[in-house]
Amino acid sequence: MGGNFDMQDPASAAGREEAAGGDSPAALADLLTRFGKAYFKADAVQLALCVTADFEWRQHEGPGVQGAVIRGAEAVCAEVLRRKAQWREVRYSDFENHFAPGLIVSTFEVAGIDESGAEFRVRAVDLYPVREGRIARKDSFWKYDRAALRGA
């Protein structure tokens with residue numbers, strides 16, 4: 001599992017974490033674990049326990065610079081189920097997570113075949129701002145290898 005952005009003296013970390021409560025690296029790691037389990041199972045009830053009422057998933061592509069925006073646990077789960085039905089051979093690897101007060105950063109690689117039959121392999125970054133102990137947004141960024149996609 002990845003590192004922690006907190007570069008201050010580790011001796012004072014315990015006091016800061018206690019004061020931060022839900023923003024401690026351990027609390028954020030637990031939140032991300034619960035979110036991930038609910039997300040990959042498309043469990044809207046459990047996902048709702050991890051996200052804010054105004055939660056948004058800003059996808060890696062779509063209209064405008066924000067990408068497509070999906071709002072709420074139910075809609076997120078519908079998109080996860082759509083991908084499971086339409087994407088094939090999806091593999092996630094090389095996860096690394098970093099925790100800072102109010103923010104989780106997750107990097108990973110994902111590969112597979114999308115709904116159009118196109119193969120993809122990308123490095124991805126998900127930014128998760130955290131508010132009041134819950135994830136407020138999943139902001140996804142994908143870095144494509146364009147040459148590999150063209151078969152060059």
# chains A, B, ... in the order shown; residues from 1 in each chain; ligands from 1

call {"tool": "residues_around", "arguments": {"residues": "range 86-100 of chain A", "least_positions_apart": "5", "cutoff": "10 Å", "atoms": "only C-alpha atoms", "output": "JSON, numbers by chain"}}
result
{"A": [1, 2, 3, 4, 5, 6, 7, 23, 24, 25, 26, 27, 28, 29, 32, 80, 81, 105, 106, 107, 108, 109, 110, 111, 112, 113, 114, 115, 116, 117, 118, 119, 120, 121, 122, 123, 124, 125, 126, 127, 128, 129, 130]}

call {"tool": "closest_atom_pairs", "arguments": {"of": "range 76-101 of chain A", "to": "range 42-61 of chain A", "cutoff": "10 Å", "atoms": "only C-alpha atoms", "output": "CSV"}}
result
residue,atom,partner,partner_atom,distance
A:Val76,CA,A:Trp57,CA,7.2
A:Cys77,CA,A:Ala42,CA,4.5
A:Ala78,CA,A:Ala42,CA,7.4
A:Glu79,CA,A:Ala42,CA,8.7
A:Val80,CA,A:Ala42,CA,6.2
A:Leu81,CA,A:Ala42,CA,6.6
A:Lys84,CA,A:Ala42,CA,9.8

call {"tool": "write_last_selection", "arguments": {"atoms": "C-alpha atoms", "output": "PDB file, in the first residue's frame"}}
result
ATOM      1  CA  VAL A  76     -22.506   5.028  -9.402  1.00  0.00           C
ATOM      2  CA  CYS A  77     -23.552   1.422  -8.839  1.00  0.00           C
ATOM      3  CA  ALA A  78     -25.570   1.462 -12.071  1.00  0.00           C
ATOM      4  CA  GLU A  79     -22.437   2.573 -13.956  1.00  0.00           C
ATOM      5  CA  VAL A  80     -20.322  -0.118 -12.280  1.00  0.00           C
ATOM      6  CA  LEU A  81     -22.894  -2.748 -13.292  1.00  0.00           C
ATOM      7  CA  LYS A  84     -19.274  -5.199 -15.688  1.00  0.00           C
TER       8      LYS A  84
END

call {"tool": "select_by_dssp", "arguments": {"residues": "range 6-146 of chain A", "states": "strand (DSSP E)", "output": "VMD selection string"}}
result
chain A and resid 51 to 58 69 to 71 88 to 100 103 to 113 119 to 131 134 to 144

call {"tool": "write_last_selection", "arguments": {"atoms": "C-alpha atoms", "output": "mmCIF file, in the first residue's frame"}}
result
data_model
loop_
_atom_site.group_PDB
_atom_site.id
_atom_site.type_symbol
_atom_site.label_atom_id
_atom_site.label_comp_id
_atom_site.auth_asym_id
_atom_site.auth_seq_id
_atom_site.Cartn_x
_atom_site.Cartn_y
_atom_site.Cartn_z
ATOM 1 C CA VAL A 51 -20.012 8.972 0.546
ATOM 2 C CA THR A 52 -21.579 12.361 1.117
ATOM 3 C CA ALA A 53 -25.183 13.030 0.109
ATOM 4 C CA ASP A 54 -23.916 15.194 -2.780
ATOM 5 C CA PHE A 55 -21.271 12.681 -3.943
ATOM 6 C CA GLU A 56 -20.073 12.950 -7.558
ATOM 7 C CA TRP A 57 -18.012 10.625 -9.736
ATOM 8 C CA ARG A 58 -16.298 12.734 -12.387
ATOM 9 C CA VAL A 69 -20.527 13.447 -13.908
ATOM 10 C CA ILE A 70 -22.462 10.735 -12.091
ATOM 11 C CA ARG A 71 -24.207 11.744 -8.880
ATOM 12 C CA ARG A 88 -14.434 -7.628 -20.742
ATOM 13 C CA GLU A 89 -11.170 -8.947 -19.342
ATOM 14 C CA VAL A 90 -10.779 -5.961 -17.000
ATOM 15 C CA ARG A 91 -7.681 -6.148 -14.817
ATOM 16 C CA TYR A 92 -6.599 -3.699 -12.126
ATOM 17 C CA SER A 93 -3.013 -3.697 -10.872
ATOM 18 C CA ASP A 94 -0.243 -1.675 -9.293
ATOM 19 C CA PHE A 95 -2.419 0.118 -6.717
ATOM 20 C CA GLU A 96 -0.801 2.768 -4.581
ATOM 21 C CA ASN A 97 -2.729 4.916 -2.122
ATOM 22 C CA HIS A 98 -1.668 8.129 -0.402
ATOM 23 C CA PHE A 99 -3.456 9.893 2.422
ATOM 24 C CA ALA A 100 -3.443 13.544 3.441
ATOM 25 C CA LEU A 103 -7.753 13.880 0.501
ATOM 26 C CA ILE A 104 -7.071 10.340 -0.716
ATOM 27 C CA VAL A 105 -5.003 9.846 -3.877
ATOM 28 C CA SER A 106 -5.113 6.426 -5.527
ATOM 29 C CA THR A 107 -2.948 5.449 -8.511
ATOM 30 C CA PHE A 108 -3.266 2.204 -10.442
ATOM 31 C CA GLU A 109 -3.222 0.550 -13.837
ATOM 32 C CA VAL A 110 -6.360 -0.770 -15.532
ATOM 33 C CA ALA A 111 -6.611 -2.731 -18.766
ATOM 34 C CA GLY A 112 -9.389 -4.503 -20.621
ATOM 35 C CA ILE A 113 -11.773 -4.316 -23.538
ATOM 36 C CA GLU A 119 -8.581 -2.710 -25.933
ATOM 37 C CA PHE A 120 -7.321 -0.219 -23.386
ATOM 38 C CA ARG A 121 -4.442 -0.033 -20.934
ATOM 39 C CA VAL A 122 -4.037 3.082 -18.833
ATOM 40 C CA ARG A 123 -2.361 4.516 -15.779
ATOM 41 C CA ALA A 124 -5.049 6.094 -13.658
ATOM 42 C CA VAL A 125 -5.311 8.529 -10.778
ATOM 43 C CA ASP A 126 -8.405 8.906 -8.626
ATOM 44 C CA LEU A 127 -8.654 11.897 -6.311
ATOM 45 C CA TYR A 128 -11.054 11.491 -3.411
ATOM 46 C CA PRO A 129 -11.748 14.679 -1.434
ATOM 47 C CA VAL A 130 -13.079 13.718 2.001
ATOM 48 C CA ARG A 131 -15.580 15.814 3.933
ATOM 49 C CA ARG A 134 -17.035 10.592 3.888
ATOM 50 C CA ILE A 135 -15.850 10.679 0.302
ATOM 51 C CA ALA A 136 -17.303 13.726 -1.447
ATOM 52 C CA ARG A 137 -16.055 13.019 -4.970
ATOM 53 C CA LYS A 138 -14.227 10.445 -7.092
ATOM 54 C CA ASP A 139 -12.354 12.486 -9.703
ATOM 55 C CA SER A 140 -10.843 10.077 -12.266
ATOM 56 C CA PHE A 141 -7.960 10.758 -14.642
ATOM 57 C CA TRP A 142 -6.634 8.237 -17.188
ATOM 58 C CA LYS A 143 -3.311 8.439 -19.025
ATOM 59 C CA TYR A 144 -3.494 6.532 -22.319
#

call {"tool": "select_by_dssp", "arguments": {"residues": "chain A", "states": "alpha helix (DSSP H)", "output": "PyMOL selection string"}}
result
chain A and resi 13-20+25-41+44-48+73-86+146-150

call {"tool": "decode", "arguments": {"residues": "range 26-124 of chain A", "atoms": "C-alpha atoms", "output": "mmCIF file, in the first residue's frame"}}
result
data_model
loop_
_atom_site.group_PDB
_atom_site.id
_atom_site.type_symbol
_atom_site.label_atom_id
_atom_site.label_comp_id
_atom_site.auth_asym_id
_atom_site.auth_seq_id
_atom_site.Cartn_x
_atom_site.Cartn_y
_atom_site.Cartn_z
ATOM 1 C CA ALA A 26 -5.607 4.972 9.234
ATOM 2 C CA ALA A 27 -9.167 6.355 9.132
ATOM 3 C CA LEU A 28 -8.795 7.353 5.465
ATOM 4 C CA ALA A 29 -7.369 3.925 4.586
ATOM 5 C CA ASP A 30 -10.344 2.275 6.288
ATOM 6 C CA LEU A 31 -12.760 4.577 4.446
ATOM 7 C CA LEU A 32 -11.124 3.790 1.086
ATOM 8 C CA THR A 33 -11.239 0.043 1.816
ATOM 9 C CA ARG A 34 -14.958 0.189 2.652
ATOM 10 C CA PHE A 35 -15.630 2.378 -0.391
ATOM 11 C CA GLY A 36 -13.700 0.001 -2.675
ATOM 12 C CA LYS A 37 -15.550 -3.080 -1.457
ATOM 13 C CA ALA A 38 -18.940 -1.424 -1.938
ATOM 14 C CA TYR A 39 -17.937 0.078 -5.303
ATOM 15 C CA PHE A 40 -16.682 -3.169 -6.850
ATOM 16 C CA LYS A 41 -19.714 -5.091 -5.521
ATOM 17 C CA ALA A 42 -22.030 -2.292 -6.752
ATOM 18 C CA ASP A 43 -23.578 -2.261 -3.276
ATOM 19 C CA ALA A 44 -25.444 1.057 -3.112
ATOM 20 C CA VAL A 45 -26.405 0.648 0.548
ATOM 21 C CA GLN A 46 -22.814 0.189 1.695
ATOM 22 C CA LEU A 47 -21.511 2.791 -0.753
ATOM 23 C CA ALA A 48 -23.965 5.358 0.639
ATOM 24 C CA LEU A 49 -22.389 4.845 4.075
ATOM 25 C CA CYS A 50 -19.017 5.958 2.638
ATOM 26 C CA VAL A 51 -20.012 8.972 0.546
ATOM 27 C CA THR A 52 -21.579 12.361 1.117
ATOM 28 C CA ALA A 53 -25.183 13.030 0.109
ATOM 29 C CA ASP A 54 -23.916 15.194 -2.780
ATOM 30 C CA PHE A 55 -21.271 12.681 -3.943
ATOM 31 C CA GLU A 56 -20.073 12.950 -7.558
ATOM 32 C CA TRP A 57 -18.012 10.625 -9.736
ATOM 33 C CA ARG A 58 -16.298 12.734 -12.387
ATOM 34 C CA GLN A 59 -15.282 10.236 -15.013
ATOM 35 C CA HIS A 60 -12.136 10.158 -17.113
ATOM 36 C CA GLU A 61 -14.002 11.139 -20.279
ATOM 37 C CA GLY A 62 -17.171 12.846 -21.349
ATOM 38 C CA PRO A 63 -18.383 16.342 -22.128
ATOM 39 C CA GLY A 64 -16.324 19.281 -20.932
ATOM 40 C CA VAL A 65 -13.153 19.253 -18.913
ATOM 41 C CA GLN A 66 -14.856 17.590 -15.936
ATOM 42 C CA GLY A 67 -15.831 14.476 -17.896
ATOM 43 C CA ALA A 68 -19.196 12.828 -17.415
ATOM 44 C CA VAL A 69 -20.527 13.447 -13.908
ATOM 45 C CA ILE A 70 -22.462 10.735 -12.091
ATOM 46 C CA ARG A 71 -24.207 11.744 -8.880
ATOM 47 C CA GLY A 72 -25.138 9.566 -5.921
ATOM 48 C CA ALA A 73 -24.469 6.002 -4.791
ATOM 49 C CA GLU A 74 -27.304 4.429 -6.808
ATOM 50 C CA ALA A 75 -26.125 6.001 -10.090
ATOM 51 C CA VAL A 76 -22.506 5.028 -9.402
ATOM 52 C CA CYS A 77 -23.552 1.422 -8.839
ATOM 53 C CA ALA A 78 -25.570 1.462 -12.071
ATOM 54 C CA GLU A 79 -22.437 2.573 -13.956
ATOM 55 C CA VAL A 80 -20.322 -0.118 -12.280
ATOM 56 C CA LEU A 81 -22.894 -2.748 -13.292
ATOM 57 C CA ARG A 82 -22.989 -1.369 -16.847
ATOM 58 C CA ARG A 83 -19.217 -1.668 -17.105
ATOM 59 C CA LYS A 84 -19.274 -5.199 -15.688
ATOM 60 C CA ALA A 85 -21.843 -6.172 -18.323
ATOM 61 C CA GLN A 86 -20.208 -4.400 -21.267
ATOM 62 C CA TRP A 87 -16.469 -4.418 -20.556
ATOM 63 C CA ARG A 88 -14.434 -7.628 -20.742
ATOM 64 C CA GLU A 89 -11.170 -8.947 -19.342
ATOM 65 C CA VAL A 90 -10.779 -5.961 -17.000
ATOM 66 C CA ARG A 91 -7.681 -6.148 -14.817
ATOM 67 C CA TYR A 92 -6.599 -3.699 -12.126
ATOM 68 C CA SER A 93 -3.013 -3.697 -10.872
ATOM 69 C CA ASP A 94 -0.243 -1.675 -9.293
ATOM 70 C CA PHE A 95 -2.419 0.118 -6.717
ATOM 71 C CA GLU A 96 -0.801 2.768 -4.581
ATOM 72 C CA ASN A 97 -2.729 4.916 -2.122
ATOM 73 C CA HIS A 98 -1.668 8.129 -0.402
ATOM 74 C CA PHE A 99 -3.456 9.893 2.422
ATOM 75 C CA ALA A 100 -3.443 13.544 3.441
ATOM 76 C CA PRO A 101 -5.929 15.440 5.594
ATOM 77 C CA GLY A 102 -9.106 15.723 3.539
ATOM 78 C CA LEU A 103 -7.753 13.880 0.501
ATOM 79 C CA ILE A 104 -7.071 10.340 -0.716
ATOM 80 C CA VAL A 105 -5.003 9.846 -3.877
ATOM 81 C CA SER A 106 -5.113 6.426 -5.527
ATOM 82 C CA THR A 107 -2.948 5.449 -8.511
ATOM 83 C CA PHE A 108 -3.266 2.204 -10.442
ATOM 84 C CA GLU A 109 -3.222 0.550 -13.837
ATOM 85 C CA VAL A 110 -6.360 -0.770 -15.532
ATOM 86 C CA ALA A 111 -6.611 -2.731 -18.766
ATOM 87 C CA GLY A 112 -9.389 -4.503 -20.621
ATOM 88 C CA ILE A 113 -11.773 -4.316 -23.538
ATOM 89 C CA ASP A 114 -14.461 -1.624 -23.525
ATOM 90 C CA GLU A 115 -18.039 -1.744 -24.826
ATOM 91 C CA SER A 116 -16.902 -0.877 -28.380
ATOM 92 C CA GLY A 117 -14.484 -3.828 -28.447
ATOM 93 C CA ALA A 118 -11.430 -1.565 -28.145
ATOM 94 C CA GLU A 119 -8.581 -2.710 -25.933
ATOM 95 C CA PHE A 120 -7.321 -0.219 -23.386
ATOM 96 C CA ARG A 121 -4.442 -0.033 -20.934
ATOM 97 C CA VAL A 122 -4.037 3.082 -18.833
ATOM 98 C CA ARG A 123 -2.361 4.516 -15.779
ATOM 99 C CA ALA A 124 -5.049 6.094 -13.658
#
